[in-house]
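What follows is work_38.cif (mmCIF, C-alpha atoms).
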data_query
#
loop_
_atom_site.label_atom_id
_atom_site.label_comp_id
_atom_site.auth_asym_id
_atom_site.auth_seq_id
_atom_site.Cartn_x
_atom_site.Cartn_y
_atom_site.Cartn_z
CA MET S 1 -2.35 -35.63 -59.70
CA CYS S 2 -2.12 -34.24 -63.19
CA LEU S 3 -2.64 -30.64 -62.19
CA GLY S 4 0.18 -28.32 -63.15
CA VAL S 5 0.59 -25.30 -60.91
CA PRO S 6 2.32 -21.96 -61.64
CA ALA S 7 5.14 -21.31 -59.18
CA LYS S 8 8.04 -18.88 -58.72
CA VAL S 9 11.62 -20.09 -58.43
CA VAL S 10 13.23 -18.90 -55.18
CA ARG S 11 16.41 -21.01 -54.91
CA ILE S 12 18.42 -23.38 -57.10
CA GLU S 13 20.79 -26.05 -55.80
CA GLY S 14 22.24 -28.44 -58.35
CA GLN S 15 19.40 -30.29 -60.08
CA GLU S 16 16.81 -29.08 -57.60
CA ALA S 17 14.88 -25.84 -57.29
CA THR S 18 12.84 -24.50 -54.42
CA VAL S 19 9.69 -22.91 -55.80
CA ALA S 20 6.98 -20.88 -54.11
CA ILE S 21 3.27 -21.17 -54.69
CA GLY S 22 1.95 -18.17 -52.79
CA THR S 23 3.77 -18.40 -49.47
CA VAL S 24 4.29 -22.18 -49.49
CA GLU S 25 7.61 -23.58 -50.73
CA TYR S 26 8.08 -26.86 -52.56
CA GLN S 27 11.09 -28.84 -53.76
CA SER S 28 11.16 -29.51 -57.46
CA SER S 29 13.41 -31.29 -59.92
CA LEU S 30 15.21 -29.58 -62.80
CA LEU S 31 15.83 -32.85 -64.66
CA LEU S 32 13.28 -31.95 -67.35
CA MET S 33 14.00 -28.21 -67.63
CA GLU S 34 17.51 -26.94 -67.07
CA GLU S 35 17.65 -23.28 -68.04
CA VAL S 36 15.74 -21.90 -65.08
CA LYS S 37 16.74 -18.82 -63.05
CA VAL S 38 15.73 -17.55 -59.65
CA GLY S 39 12.71 -15.28 -60.15
CA ASP S 40 11.35 -17.21 -63.16
CA TYR S 41 7.74 -18.28 -63.15
CA VAL S 42 7.49 -21.97 -63.98
CA LEU S 43 4.96 -24.73 -64.25
CA LEU S 44 5.31 -27.33 -61.51
CA HIS S 45 3.94 -30.78 -62.24
CA ALA S 46 4.26 -33.82 -59.94
CA GLY S 47 7.50 -32.49 -58.47
CA PHE S 48 9.11 -31.52 -61.78
CA ILE S 49 9.41 -28.16 -63.50
CA ILE S 50 8.08 -28.97 -66.96
CA GLU S 51 8.06 -25.51 -68.56
CA LYS S 52 8.77 -21.85 -67.96
CA ILE S 53 5.97 -19.30 -68.10
CA ASP S 54 6.88 -16.68 -70.66
CA PRO S 55 6.09 -13.17 -69.33
CA VAL S 56 6.09 -11.66 -72.84
CA GLU S 57 3.54 -14.21 -74.08
CA ALA S 58 1.50 -13.74 -70.89
CA GLU S 59 1.30 -10.02 -71.68
CA GLU S 60 0.36 -10.81 -75.28
CA THR S 61 -2.54 -13.00 -74.12
CA MET S 62 -3.64 -10.19 -71.83
CA ARG S 63 -3.47 -7.76 -74.76
CA LEU S 64 -5.75 -10.06 -76.78
CA PHE S 65 -8.17 -10.11 -73.86
CA ASP S 66 -8.08 -6.31 -73.68
CA GLN S 67 -9.02 -6.21 -77.37
CA VAL S 68 -12.03 -8.42 -76.66
CA SER S 69 -13.11 -5.97 -73.97
CA LYS S 70 -12.73 -3.01 -76.33
CA MET S 71 -14.53 -4.68 -79.25
CA ASP S 72 -17.52 -5.12 -77.02
CA GLU S 73 -17.59 -1.44 -76.11
CA GLU S 74 -17.43 -0.21 -79.70
CA MET A 1 3.43 -11.44 -54.98
CA SER A 2 4.32 -8.31 -56.92
CA PRO A 3 1.60 -6.31 -58.70
CA GLU A 4 3.05 -7.44 -62.03
CA GLY A 5 2.89 -10.99 -60.67
CA LEU A 6 -0.74 -10.53 -59.75
CA ARG A 7 -1.62 -9.48 -63.27
CA PHE A 8 0.42 -12.40 -64.48
CA MET A 9 -1.61 -14.96 -62.55
CA ASP A 10 -4.90 -13.41 -61.58
CA GLY A 11 -5.87 -11.25 -64.58
CA TYR A 12 -7.38 -14.38 -66.10
CA ARG A 13 -10.17 -14.40 -63.51
CA ASP A 14 -11.40 -10.86 -64.09
CA ALA A 15 -15.21 -10.87 -63.92
CA VAL A 16 -15.69 -8.12 -66.54
CA LEU A 17 -13.41 -9.90 -68.98
CA ILE A 18 -15.26 -13.20 -68.43
CA GLU A 19 -18.59 -11.50 -69.18
CA LYS A 20 -17.22 -9.94 -72.36
CA LEU A 21 -15.73 -13.20 -73.65
CA ALA A 22 -19.07 -14.87 -72.97
CA ALA A 23 -20.92 -12.11 -74.85
CA GLN A 24 -18.65 -12.63 -77.88
CA ILE A 25 -19.33 -16.38 -77.80
CA HIS A 26 -23.09 -15.72 -77.64
CA SER A 27 -22.96 -13.37 -80.60
CA LEU A 28 -20.86 -15.69 -82.83
CA SER A 29 -22.23 -19.16 -82.00
CA ARG A 30 -24.99 -20.22 -84.44
CA THR A 31 -24.66 -23.97 -85.05
CA PRO A 32 -25.13 -26.37 -82.13
CA ILE A 33 -21.68 -27.83 -81.38
CA ARG A 34 -20.15 -30.37 -79.02
CA LEU A 35 -16.71 -29.56 -77.62
CA MET A 36 -14.58 -31.96 -75.63
CA GLU A 37 -12.12 -30.84 -72.98
CA VAL A 38 -9.34 -33.38 -72.70
CA CYS A 39 -7.80 -32.64 -69.36
CA GLY A 40 -9.16 -33.23 -65.90
CA GLY A 41 -7.78 -29.81 -64.99
CA HIS A 42 -10.07 -28.22 -67.59
CA THR A 43 -13.07 -30.21 -66.31
CA ALA A 44 -12.36 -29.07 -62.76
CA ALA A 45 -11.96 -25.40 -63.79
CA ILE A 46 -15.15 -25.40 -65.91
CA HIS A 47 -17.20 -26.62 -62.95
CA LYS A 48 -15.36 -24.65 -60.26
CA TYR A 49 -16.02 -21.35 -62.04
CA GLY A 50 -19.46 -22.37 -63.33
CA LEU A 51 -18.38 -21.64 -66.90
CA LYS A 52 -21.19 -23.67 -68.48
CA ASP A 53 -23.60 -21.01 -67.18
CA PHE A 54 -21.83 -18.43 -69.33
CA LEU A 55 -22.25 -20.41 -72.56
CA PRO A 56 -25.18 -20.34 -75.00
CA VAL A 57 -27.40 -23.42 -75.40
CA THR A 58 -25.71 -24.09 -78.74
CA ILE A 59 -22.54 -25.25 -76.96
CA THR A 60 -22.27 -28.58 -75.17
CA LEU A 61 -19.09 -29.31 -73.24
CA LEU A 62 -18.03 -32.94 -72.84
CA SER A 63 -15.26 -34.34 -70.66
CA GLY A 64 -12.77 -36.57 -72.41
CA PRO A 65 -10.23 -39.21 -71.43
CA GLY A 66 -7.85 -36.79 -69.73
CA CYS A 67 -7.80 -38.03 -66.17
CA PRO A 68 -4.93 -40.49 -65.69
CA VAL A 69 -6.56 -42.46 -62.90
CA CYS A 70 -9.85 -42.67 -64.84
CA VAL A 71 -8.41 -44.13 -68.02
CA SER A 72 -6.20 -46.68 -66.26
CA SER A 73 -7.48 -50.15 -67.02
CA GLN A 74 -8.94 -52.45 -64.43
CA LYS A 75 -6.17 -54.92 -65.24
CA PHE A 76 -3.50 -52.35 -64.30
CA VAL A 77 -5.14 -51.78 -60.91
CA ASP A 78 -5.30 -55.55 -60.41
CA GLN A 79 -1.63 -55.91 -61.38
CA ALA A 80 -0.70 -53.23 -58.83
CA ILE A 81 -2.71 -55.04 -56.15
CA PHE A 82 -0.96 -58.32 -57.11
CA LEU A 83 2.46 -56.66 -56.67
CA GLY A 84 1.40 -55.09 -53.39
CA GLY A 85 0.81 -58.59 -52.05
CA ARG A 86 4.46 -59.59 -52.57
CA ARG A 87 6.37 -59.65 -49.31
CA ARG A 88 9.48 -57.75 -50.41
CA VAL A 89 7.67 -55.15 -52.47
CA ILE A 90 7.06 -51.54 -51.55
CA LEU A 91 4.55 -49.91 -53.89
CA ALA A 92 4.96 -46.19 -54.45
CA THR A 93 2.23 -44.20 -56.16
CA TYR A 94 0.58 -40.85 -56.67
CA GLY A 95 -2.27 -40.55 -54.18
CA ASP A 96 -5.34 -40.83 -56.38
CA LEU A 97 -4.68 -44.35 -57.53
CA VAL A 98 -4.92 -46.05 -54.13
CA ARG A 99 -8.66 -45.54 -53.95
CA VAL A 100 -9.56 -46.95 -57.38
CA PRO A 101 -11.55 -50.14 -56.93
CA GLY A 102 -9.91 -53.08 -58.71
CA SER A 103 -11.79 -56.25 -59.61
CA VAL A 104 -11.90 -57.53 -56.04
CA SER A 105 -10.02 -55.03 -53.85
CA SER A 106 -8.27 -51.66 -53.93
CA LEU A 107 -4.77 -50.59 -52.96
CA GLU A 108 -6.27 -48.74 -50.01
CA LYS A 109 -7.85 -51.94 -48.71
CA GLU A 110 -4.63 -53.86 -49.32
CA LYS A 111 -2.73 -51.21 -47.35
CA MET A 112 -5.08 -51.72 -44.42
CA ARG A 113 -4.34 -55.45 -44.69
CA GLY A 114 -0.63 -54.76 -44.37
CA ALA A 115 0.66 -54.16 -47.90
CA ASP A 116 3.50 -51.59 -47.90
CA ILE A 117 2.05 -48.85 -50.11
CA ARG A 118 3.50 -45.36 -49.98
CA ILE A 119 2.05 -42.23 -51.50
CA VAL A 120 4.69 -39.98 -53.00
CA TYR A 121 4.60 -36.44 -54.33
CA SER A 122 7.30 -37.08 -56.95
CA VAL A 123 8.52 -40.29 -58.59
CA LEU A 124 12.03 -39.29 -57.46
CA ASP A 125 10.84 -39.88 -53.88
CA ALA A 126 10.23 -43.50 -54.90
CA VAL A 127 13.85 -43.78 -56.09
CA LYS A 128 14.97 -42.42 -52.70
CA ILE A 129 12.86 -45.04 -50.92
CA ALA A 130 14.60 -47.71 -53.01
CA GLN A 131 18.01 -46.29 -52.03
CA ARG A 132 17.06 -46.37 -48.33
CA HIS A 133 15.75 -49.94 -48.56
CA PRO A 134 18.19 -51.95 -50.71
CA GLU A 135 16.72 -55.18 -49.32
CA ARG A 136 13.28 -54.34 -50.73
CA GLN A 137 11.92 -54.00 -54.27
CA VAL A 138 10.31 -50.61 -54.87
CA VAL A 139 7.72 -50.47 -57.66
CA PHE A 140 6.39 -47.10 -58.80
CA LEU A 141 2.97 -47.17 -60.42
CA GLY A 142 3.41 -45.02 -63.51
CA ILE A 143 0.17 -43.47 -64.70
CA GLY A 144 -0.51 -40.37 -66.71
CA PHE A 145 0.23 -38.89 -70.10
CA GLU A 146 3.07 -36.92 -71.63
CA THR A 147 3.14 -34.80 -68.47
CA THR A 148 4.09 -37.52 -65.98
CA ALA A 149 5.77 -39.94 -68.41
CA PRO A 150 8.93 -37.79 -68.70
CA ALA A 151 9.10 -37.68 -64.88
CA SER A 152 8.96 -41.49 -64.69
CA ALA A 153 11.59 -41.65 -67.43
CA ALA A 154 13.83 -39.23 -65.50
CA ALA A 155 13.48 -41.47 -62.44
CA ILE A 156 14.63 -44.50 -64.43
CA VAL A 157 17.59 -42.52 -65.78
CA ARG A 158 18.51 -41.57 -62.22
CA ALA A 159 18.11 -45.15 -60.98
CA GLU A 160 20.37 -46.27 -63.83
CA GLU A 161 23.01 -43.60 -63.06
CA GLU A 162 23.02 -44.28 -59.33
CA LYS A 163 22.73 -48.06 -59.77
CA VAL A 164 19.48 -48.35 -57.85
CA ASP A 165 18.76 -51.87 -59.07
CA ASN A 166 15.78 -52.34 -56.78
CA PHE A 167 13.71 -49.57 -58.42
CA PHE A 168 11.05 -50.68 -60.89
CA LEU A 169 8.30 -49.01 -62.87
CA LEU A 170 4.94 -50.56 -63.68
CA SER A 171 4.09 -48.41 -66.66
CA ALA A 172 0.55 -47.58 -67.66
CA HIS A 173 1.75 -44.33 -69.19
CA LYS A 174 -0.14 -43.26 -72.27
CA ILE A 175 0.09 -40.69 -75.02
CA MET A 176 -2.79 -38.48 -76.09
CA PRO A 177 -2.89 -38.24 -79.90
CA PRO A 178 -3.97 -41.84 -80.72
CA ALA A 179 -6.79 -41.66 -78.16
CA LEU A 180 -8.07 -38.33 -79.49
CA GLU A 181 -7.91 -39.57 -83.08
CA SER A 182 -9.75 -42.72 -82.04
CA LEU A 183 -12.49 -40.51 -80.54
CA ALA A 184 -12.59 -38.24 -83.60
CA GLY A 185 -13.02 -41.30 -85.81
CA GLY A 186 -15.57 -42.90 -83.47
CA ASP A 187 -19.35 -42.78 -83.15
CA THR A 188 -19.63 -39.83 -80.75
CA ARG A 189 -19.97 -36.43 -82.41
CA ILE A 190 -17.21 -34.07 -81.29
CA ASP A 191 -16.78 -30.86 -83.28
CA GLY A 192 -13.74 -29.50 -81.50
CA PHE A 193 -11.21 -30.23 -78.80
CA LEU A 194 -9.90 -28.07 -75.97
CA ALA A 195 -6.47 -29.66 -76.08
CA PRO A 196 -4.68 -30.38 -72.79
CA GLY A 197 -2.42 -27.47 -71.85
CA HIS A 198 0.17 -29.29 -69.81
CA VAL A 199 0.51 -32.31 -72.08
CA SER A 200 1.10 -29.75 -74.84
CA ALA A 201 3.73 -27.95 -72.73
CA VAL A 202 5.80 -31.11 -73.07
CA THR A 203 4.83 -32.27 -76.57
CA GLY A 204 4.28 -28.99 -78.38
CA THR A 205 1.25 -28.32 -80.57
CA MET A 206 2.09 -30.30 -83.71
CA ILE A 207 0.78 -33.58 -82.26
CA TYR A 208 -2.79 -32.40 -82.99
CA ARG A 209 -2.27 -31.75 -86.72
CA ASN A 210 -4.19 -34.86 -87.81
CA LEU A 211 -7.19 -33.88 -85.70
CA ALA A 212 -7.48 -30.60 -87.58
CA HIS A 213 -6.32 -31.57 -91.05
CA VAL A 214 -7.37 -35.23 -91.39
CA TYR A 215 -10.43 -35.38 -89.09
CA HIS A 216 -11.49 -31.73 -89.62
CA ARG A 217 -12.04 -30.94 -85.99
CA GLY A 218 -11.28 -27.67 -84.27
CA VAL A 219 -8.30 -27.77 -81.90
CA VAL A 220 -7.30 -25.09 -79.39
CA VAL A 221 -4.60 -25.71 -76.79
CA SER A 222 -6.05 -24.08 -73.70
CA GLY A 223 -4.83 -22.76 -70.37
CA PHE A 224 -6.67 -23.45 -67.14
CA GLU A 225 -7.96 -20.09 -65.95
CA PRO A 226 -11.58 -19.11 -66.64
CA ALA A 227 -10.63 -16.50 -69.27
CA ASP A 228 -8.32 -19.03 -70.96
CA ILE A 229 -11.12 -21.54 -71.29
CA LEU A 230 -13.70 -19.06 -72.58
CA GLN A 231 -11.18 -17.59 -75.03
CA SER A 232 -10.45 -21.13 -76.27
CA VAL A 233 -14.17 -21.85 -76.66
CA LEU A 234 -14.47 -18.59 -78.62
CA LEU A 235 -11.61 -19.62 -80.94
CA LEU A 236 -13.24 -23.04 -81.45
CA VAL A 237 -16.60 -21.42 -82.29
CA LYS A 238 -14.84 -19.26 -84.89
CA GLN A 239 -13.06 -22.28 -86.40
CA ILE A 240 -16.21 -24.37 -86.60
CA GLU A 241 -18.47 -21.57 -87.87
CA SER A 242 -15.94 -20.76 -90.62
CA GLY A 243 -15.10 -24.39 -91.43
CA HIS A 244 -11.42 -23.49 -91.22
CA PHE A 245 -9.94 -26.12 -88.92
CA GLN A 246 -6.49 -25.65 -87.45
CA VAL A 247 -4.44 -26.07 -84.31
CA GLU A 248 -4.45 -22.82 -82.34
CA ASN A 249 -2.51 -22.16 -79.15
CA GLU A 250 -4.32 -20.03 -76.58
CA TYR A 251 -1.84 -21.05 -73.84
CA SER A 252 1.24 -19.54 -75.48
CA ARG A 253 2.61 -18.28 -72.17
CA VAL A 254 3.42 -21.91 -71.33
CA VAL A 255 3.11 -23.96 -74.54
CA LYS A 256 5.61 -23.59 -77.38
CA LYS A 257 5.11 -25.07 -80.83
CA GLU A 258 8.08 -27.39 -80.30
CA GLY A 259 7.23 -28.24 -76.67
CA ASN A 260 9.92 -29.06 -74.13
CA PRO A 261 12.67 -30.82 -76.15
CA ARG A 262 14.52 -32.03 -73.07
CA ALA A 263 11.43 -33.68 -71.57
CA ILE A 264 10.62 -35.28 -74.93
CA ALA A 265 14.18 -36.60 -75.26
CA VAL A 266 14.17 -38.09 -71.74
CA MET A 267 10.78 -39.73 -72.40
CA ASN A 268 11.78 -41.11 -75.79
CA GLY A 269 15.07 -42.39 -74.39
CA VAL A 270 13.30 -44.66 -71.92
CA PHE A 271 9.98 -45.58 -73.51
CA GLY A 272 8.79 -47.12 -76.75
CA LEU A 273 5.23 -47.25 -78.08
CA VAL A 274 2.96 -50.25 -77.50
CA ASP A 275 -0.76 -50.89 -77.87
CA ALA A 276 -2.52 -49.94 -74.65
CA GLU A 277 -5.85 -50.50 -72.99
CA TRP A 278 -7.87 -47.43 -71.99
CA ARG A 279 -10.94 -47.57 -69.79
CA GLY A 280 -13.81 -46.64 -72.11
CA LEU A 281 -11.81 -46.70 -75.33
CA GLY A 282 -10.57 -50.29 -75.26
CA THR A 283 -7.23 -51.08 -76.87
CA VAL A 284 -5.78 -48.14 -78.78
CA ARG A 285 -2.93 -48.87 -81.18
CA GLU A 286 0.49 -47.50 -80.20
CA SER A 287 -0.94 -45.34 -77.45
CA GLY A 288 0.99 -46.77 -74.50
CA LEU A 289 4.54 -46.26 -73.26
CA ALA A 290 6.54 -49.35 -72.32
CA ILE A 291 10.13 -49.41 -71.04
CA LYS A 292 12.64 -50.16 -73.78
CA PRO A 293 14.28 -53.63 -73.76
CA GLU A 294 17.72 -52.24 -72.80
CA LEU A 295 16.21 -50.88 -69.55
CA ALA A 296 14.04 -53.95 -68.91
CA HIS A 297 15.77 -54.54 -65.55
CA HIS A 298 13.69 -51.60 -64.25
CA ASP A 299 10.46 -52.87 -65.83
CA ALA A 300 8.13 -54.40 -63.24
CA ASN A 301 6.35 -56.29 -66.02
CA VAL A 302 9.61 -58.08 -66.80
CA ALA A 303 11.04 -58.40 -63.30
CA PHE A 304 7.93 -59.87 -61.72
CA ASN A 305 5.77 -62.71 -62.89
CA ILE A 306 2.51 -60.78 -62.68
CA ARG A 307 -0.48 -63.06 -63.14
CA VAL A 308 -3.95 -61.56 -62.98
CA PRO A 309 -7.12 -62.57 -64.82
CA ASP A 310 -8.83 -60.06 -67.11
CA GLY A 311 -10.30 -57.27 -65.02
CA GLN A 312 -13.93 -57.15 -63.91
CA LEU A 313 -15.47 -53.70 -64.16
CA PRO A 314 -17.78 -52.60 -61.35
CA LYS A 315 -21.40 -53.51 -62.16
CA GLY A 316 -23.47 -50.57 -63.41
CA CYS A 317 -20.52 -48.14 -63.64
CA ILE A 318 -20.62 -46.05 -66.85
CA CYS A 319 -17.18 -44.45 -66.43
CA GLY A 320 -16.21 -45.68 -69.92
CA ASP A 321 -19.19 -43.97 -71.56
CA ILE A 322 -18.42 -40.77 -69.65
CA LEU A 323 -14.76 -40.77 -70.73
CA THR A 324 -15.81 -41.00 -74.38
CA GLY A 325 -18.45 -38.25 -74.20
CA ARG A 326 -21.40 -40.63 -74.70
CA LYS A 327 -22.93 -39.92 -71.29
CA ILE A 328 -22.64 -37.47 -68.41
CA PRO A 329 -22.28 -38.52 -64.75
CA SER A 330 -25.85 -37.66 -63.74
CA GLU A 331 -27.09 -40.26 -66.25
CA CYS A 332 -25.49 -43.01 -64.16
CA PRO A 333 -27.92 -44.75 -61.78
CA LEU A 334 -25.12 -45.16 -59.22
CA PHE A 335 -24.11 -41.47 -59.28
CA SER A 336 -24.39 -39.80 -55.86
CA VAL A 337 -26.57 -42.68 -54.62
CA GLN A 338 -24.22 -45.64 -54.23
CA CYS A 339 -21.17 -43.99 -55.79
CA THR A 340 -19.74 -40.96 -53.97
CA PRO A 341 -16.21 -39.57 -53.47
CA VAL A 342 -16.15 -41.13 -49.98
CA ASN A 343 -17.25 -44.50 -51.33
CA PRO A 344 -16.34 -44.58 -55.03
CA ILE A 345 -17.49 -47.48 -57.18
CA GLY A 346 -15.82 -46.38 -60.41
CA ALA A 347 -12.54 -44.68 -61.29
CA CYS A 348 -14.22 -41.45 -62.48
CA MET A 349 -15.46 -40.77 -58.93
CA VAL A 350 -12.03 -41.27 -57.34
CA SER A 351 -9.75 -38.62 -58.72
CA SER A 352 -10.37 -34.92 -58.05
CA GLU A 353 -10.04 -34.53 -61.83
CA GLY A 354 -12.53 -37.30 -62.62
CA SER A 355 -15.80 -36.12 -64.18
CA CYS A 356 -18.01 -37.84 -61.63
CA SER A 357 -16.05 -36.42 -58.72
CA VAL A 358 -16.16 -32.92 -60.26
CA PHE A 359 -19.89 -33.14 -61.00
CA TYR A 360 -20.50 -34.35 -57.44
CA LYS A 361 -18.37 -31.67 -55.80
CA TYR A 362 -19.96 -28.77 -57.69
CA LYS A 363 -23.44 -30.37 -57.79
CA THR A 364 -23.73 -29.93 -61.54
#

Rewritten as structure tokens:
Amino acid sequence: MCLGVPAKVVRIEGQEATVAIGTVEYQSSLLLMEEVKVGDYVLLHAGFIIEKIDPVEAEETMRLFDQVSKMDEE
Amino acid sequence: MSPEGLRFMDGYRDAVLIEKLAAQIHSLSRTPIRLMEVCGGHTAAIHKYGLKDFLPVTITLLSGPGCPVCVSSQKFVDQAIFLGGRRRVILATYGDLVRVPGSVSSLEKEKMRGADIRIVYSVLDAVKIAQRHPERQVVFLGIGFETTAPASAAAIVRAEEEKVDNFFLLSAHKIMPPALESLAGGDTRIDGFLAPGHVSAVTGTMIYRNLAHVYHRGVVVSGFEPADILQSVLLLVKQIESGHFQVENEYSRVVKKEGNPRAIAVMNGVFGLVDAEWRGLGTVRESGLAIKPELAHHDANVAFNIRVPDGQLPKGCICGDILTGRKIPSECPLFSVQCTPVNPIGACMVSSEGSCSVFYKYKT
């Protein structure tokens, strides 16, 4: 029950957003996270969007991982 | 999904990267250490991807009190069963809870005997049920930490706005920091914590300051993909080997230092802190969330005269010792013999995030 899942916002109507996890769509509430746009990646948790996934930070984490890979090769 | 989307989600499972992170951990880890993951999602990912096989013998991973169903007290389950027996009551709950054995029954058994118990995906569905059935009293069983507590709070706000007077919450919601500090100050050795990523998405990272600066434990807020978890273990090894304890955030793509201010405000608007009972930990001071007096008309504890004796734990079940890192599931005499996911005896075997259920599923 406590598992948060990354999802992509496909539609917004009032305080509800339709999000997609792969090809399956779910209804979610925007009561805990208002500034969400269509196309955003978000974290869905028990029917609520609780946070946005930041693409810049995601890239930064990937960059740190790439460094790990390189350090090993040196 | 777009190629950029694929990298976004799936890059964290890259086999070469996993091997390289593991090699780094092997080369840096000297001292034997015990690390606790404090989210059922982490426990599930560690076993699903077999991550323990990538770690050196110096590192022991323990599962902490991060599974909402597991830490819920026996008395809470008994209270829910008591309410389910009331004629006008509809109980609404997340799915896992119905199978937890109470002292003498379970919600699942009560449902088969005719109790009106409905499994919902979101607490807002429970508010809708209350709106459709004004003649009934709908009680939502609120379990979980700072992830689900704001959702329950939002449901109460909605019930208040839309005057849904027949919606109630039985709150067993809990907050993480007091439980983790209780563990850090307890008799089980824990050198570092993989802090729960989604709790932290709501609360931010500052809630773990005491763990690092008062208790001198390593803390890394971790994501849930295999590379996230190994990277977090690597950061913990570095902290512990250097003796420089701090709160680091590996999951920065989701977790901000300040958390989700709106979710925190909604939660704090509805709940106040009370002492709460945790399976395994006993009563932990100011670790529970109770509905504030001005919203007491939505509080099932106030609206109903709930009378249940102190809960009886299942004989032989060591769920409490497992939740505190003292034992692992395979040390339980009931594990996989009498206690299985199909026929669970203790709470840790019920939820898909419970340690016993995870150990059983992945045969670890």

**Request:** Decode the PyMOL selection byres ((chain S) within 10 of (chain A)) for the given file into explicit residues and return them as a ChimeraX atom specification.
**Result:** /S:1-8,21-23,27-29,31-34,41-62,64-66,68-73

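For the set A:Ile46, A:Ile345, A:Leu141, A:Cys339, the residue with the smallest atom-to-atom gap to Ser105 in chain A is A:Ile345, counting all atoms listed in the file.
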
**Asked** Can you list, as a ChimeraX atom specification, every protein, DNA or RNA residue that comes within 12 Å of Ile229 in chain A when you count only C-alpha atoms, leaving out same-chain residues fewer than 4 positions away?
**Response** /A:12-13,18,21-22,25,35-37,39,41-47,49-52,54-55,61,193-197,220-225,233-236,249-251

**Item:** Protein/DNA/RNA residues near (-20.6, -39.9, -53.0), cut 12 Å, all atoms listed in the file, as a list in words
**Value:**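 Applying the cut-off with all atoms listed in the file, one gets Pro329, Leu334, Phe335, Ser336, Val337, Gln338, Cys339, Thr340, Pro341, Val342, Asn343, Pro344, Ile345, Gly346, Cys348, Met349, Val350, Cys356, Ser357, Val358, Phe359, Tyr360, Lys361 and Lys363 of chain A.
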
**Asked** To one decimal place, how far is CA of His173 in chain A from CA of Ala149 in chain A in Å?
**Response** 6.0 Å

**Request:** Find the residues near Ala179 in chain A: any atom within 9 Å, counting all atoms listed in the file, skip ones fewer than 5 places away on the same chain, and give them as JSON, numbers by chain.
**Result:** {"A": [65, 184, 278, 281, 284, 285, 287]}

**Asked** To one decimal place, how far is CA of Leu170 in chain A from CA of Gly85 in chain A in Å?
**Response**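 Between CA of Leu170 in chain A and CA of Gly85 in chain A the gap is 14.7 Å.
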
**Prompt:** Between CA of Leu211 in chain A and CA of Leu28 in chain A, what is the distance, to one decimal in Å?
**Reply:**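 So the answer is 22.9 Å.
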
**Request:** May I have the protein, DNA and RNA residues with any atom at most 9 Å from the point (16.5, -18.0, -63.0), counting all atoms listed in the file, written as a PyMOL selection string?
**Result:** chain S and resi 9-12+35-41

Can you tell me, as lines of an AutoDock Vina configuration file, the centre and edge lengths (Å, one decimal) of the axis-aligned box enclosing all of range 75-86 of chain A's listed atoms after padding each side by 8 Å?
center_x = -0.9
center_y = -55.7
center_z = -58.6
size_x = 26.6
size_y = 23.8
size_z = 29.2
